[in-house]
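Quick notes on the structure that follows.
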Amino acid sequence: MSIPRSADDAVANGVAALPGWRAVGQRLRAAVRTRPAGGIAVLFVLLQFACIVAGLAFPDQFRYLNPANVRVTVMSVAPLGIMSLGVGMLMIAGEFDLSVGALYSFCAVFAATFANNHFGGIEEPLSPFIGMSLAIGIGVAAGVVNGAVTIWFGIPSFITTLGTMLLWNGGVLLYSGPSAVDFLPTSPFATLFGGQVWLVDAGFLWFLFLAVICSFLLHHHKLGNHFYAVGGNRQAAVAIGINPAKVKLIAFAITGGLAAFSGIIAMTRVSSVQPGGGEGMELRSIAACVIGGMALMGGRGSIVGVVLGTALVFTINDVLLLLRAPGFYFDMFVGGLIIVAVILNHGIRRRSWA
């Protein structure tokens, strides 16, 4: 008879001894409890099942399965999802960025005005690519500045990025005024960032591609290990030779770059950009991450959780629109989900420490 070497071995032996269906149930419950995205995955599947059943039972009143509704919802996910990828990685490293919504607007407006007025104008194929590259560079630089001020002066990132959020919100009005800016690029830019592949929006494909890249970076690269280490226990990270300042600067830079790119994706889809179009997106991106299992104190989370959290936010929004509910219901539901997610995450962390 083998002697269990740890509590995990003892649990595993106990599960193996159960009847087949009970063992499967135990494994599923263990996966939900131990994985950051376990709870949100279950909730997302249950919500989708309920919506599909309702859509089949009441196809005229609840058009959830209508192809046009599915397409619009999928198209809408990409900008917030791309932004949330960067916000989630920064949260894992233990910091926040409230300026991503303002950067979303400023960088998109800059890319549009640059493409419209330089290198031959928007009709030239190269002009929008140059504008996009410069705009993403501005986003990365803004992220580095946020990180530098936060780290070098010991200011909480919440306060630092609250200030830069107001700075960029005012800057976009100073730069272009309150009017919308048109953005009508030609191919190949329009095809790459605003076209379709087999009826799937290009922006959504970019979201999935970036999610795969970010997942690889977090789980299969030493930089991702450093994010988790710095966010989970800074002193322990320093003890094993990790430079927290460098790691957090990189996380801030990635967040700023993805915020800029998300604004460009949204602008290309609708062919224009509003100076205040990113207002509130910083809070929604944090909400998507928290709902997806990110710990507010850092050191815990996954890209799968960010993807599912973003999808859940838009599913709720879509359901409320189909039910013709007042707009403020959406904020109420998302706020309630955030509170429930924080409570569940806190419980999971306490159980893991016990």
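Naming works like this for the structure tokens: A, B, ... for the chains as they're shown, residue 1 at the start of each chain, ligands 1 onward in shown order.
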Closest pair table for range 66-101 of chain A residues within 10 Å of range 240-264 of chain A, only C-alpha atoms, as CSV:
```
residue,atom,partner,partner_atom,distance
A:Ala78,CA,A:Ser262,CA,7.5
A:Pro79,CA,A:Ser262,CA,4.6
A:Leu80,CA,A:Ser262,CA,7.0
A:Gly81,CA,A:Ser262,CA,8.1
A:Ile82,CA,A:Ser262,CA,5.7
A:Met83,CA,A:Ala259,CA,4.8
A:Ser84,CA,A:Ala259,CA,8.3
A:Leu85,CA,A:Leu258,CA,7.6
A:Gly86,CA,A:Thr255,CA,4.0
A:Val87,CA,A:Thr255,CA,5.7
A:Gly88,CA,A:Thr255,CA,8.5
A:Met89,CA,A:Ala251,CA,6.6
A:Leu90,CA,A:Ala251,CA,5.2
A:Met91,CA,A:Ala251,CA,8.9
A:Ile92,CA,A:Ala251,CA,9.2
A:Ala93,CA,A:Lys248,CA,6.5
A:Gly94,CA,A:Lys248,CA,8.3
A:Glu95,CA,A:Lys248,CA,7.9
A:Phe96,CA,A:Phe252,CA,8.7
A:Asp97,CA,A:Phe252,CA,7.8
A:Ser99,CA,A:Gly256,CA,8.5
A:Val100,CA,A:Ala259,CA,5.5
A:Gly101,CA,A:Ala259,CA,7.3
```
**OP:** Please provide as a list in words all residues within 12 Å of Asp331 in chain A, with the sequence filter that same-chain residues fewer than 4 positions apart are discarded (counting only C-alpha atoms).
**Re:** Gly280, Leu283, Arg284, Ala287, Val313, Phe314, Ile316, Asn317, Leu320, Ala325, Pro326, Gly327, Gly335, Gly336, Leu337 and Ile338 of chain A
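Nearest residue to Gly292 in chain A among A:Ile265, A:Ala190, A:Leu43, A:Cys107 is A:Leu43, counting only C-alpha atoms.
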Original post:
Hey, what does DSSP flag as strand (DSSP E or B) within range 88-273 of chain A? Can you give it to me as number ranges by chain?
Top reply: A: 181-182, 196-197, 200-201, 272-273
I need the chosen residues saved as a compact mmCIF listing (two decimals), in the first residue's frame, with N, CA and C atoms.
```
# COMPACT_ATOMS: atom_id res chain seq x y z
N VAL A 181 -13.74 62.37 -36.14
CA VAL A 181 -12.75 62.35 -37.22
C VAL A 181 -13.03 61.15 -38.11
N ASP A 182 -13.18 61.38 -39.40
CA ASP A 182 -13.43 60.29 -40.34
C ASP A 182 -12.16 59.49 -40.59
N GLN A 196 -13.40 40.95 -43.23
CA GLN A 196 -13.96 39.71 -42.71
C GLN A 196 -13.21 38.52 -43.28
N VAL A 197 -13.14 37.46 -42.51
CA VAL A 197 -12.58 36.19 -42.95
C VAL A 197 -13.63 35.12 -42.66
N VAL A 200 -16.28 36.16 -40.31
CA VAL A 200 -15.81 36.53 -38.98
C VAL A 200 -15.06 37.85 -39.10
N ASP A 201 -15.40 38.80 -38.24
CA ASP A 201 -14.80 40.13 -38.30
C ASP A 201 -13.30 40.07 -38.03
N SER A 272 -14.86 55.93 -38.30
CA SER A 272 -14.69 57.25 -37.68
C SER A 272 -14.35 57.05 -36.21
N VAL A 273 -13.95 58.14 -35.55
CA VAL A 273 -13.62 58.05 -34.13
C VAL A 273 -14.10 59.31 -33.43
```
**OP:** List every residue of range 235-301 of chain A that DSSP, applied to the backbone of this structure, assigns to helix (DSSP H, G or I), and report them as a count of residues only.
**Re:** 43
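The shortest atom-to-atom distance to Tyr175 in chain A, with only C-alpha atoms taken into account, belongs to A:Phe114 out of A:Phe114, A:Ala202, A:Gly163, A:Ala229.
If you look at CA of Leu323 in chain A and CA of Leu65 in chain A, they are 13.8 Å away from each other.
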Subject >> Computed interatomic separation between CA of Ile136 in chain A and CA of Ser105 in chain A (Å) >> reply: 11.9 Å
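By chain and then residue number, the residues within 8 Å of Asn116 in chain A are Gly121, Ile122, Ser127 and Phe183 of chain A, counting only C-alpha atoms and disregarding those fewer than 5 positions away in sequence.
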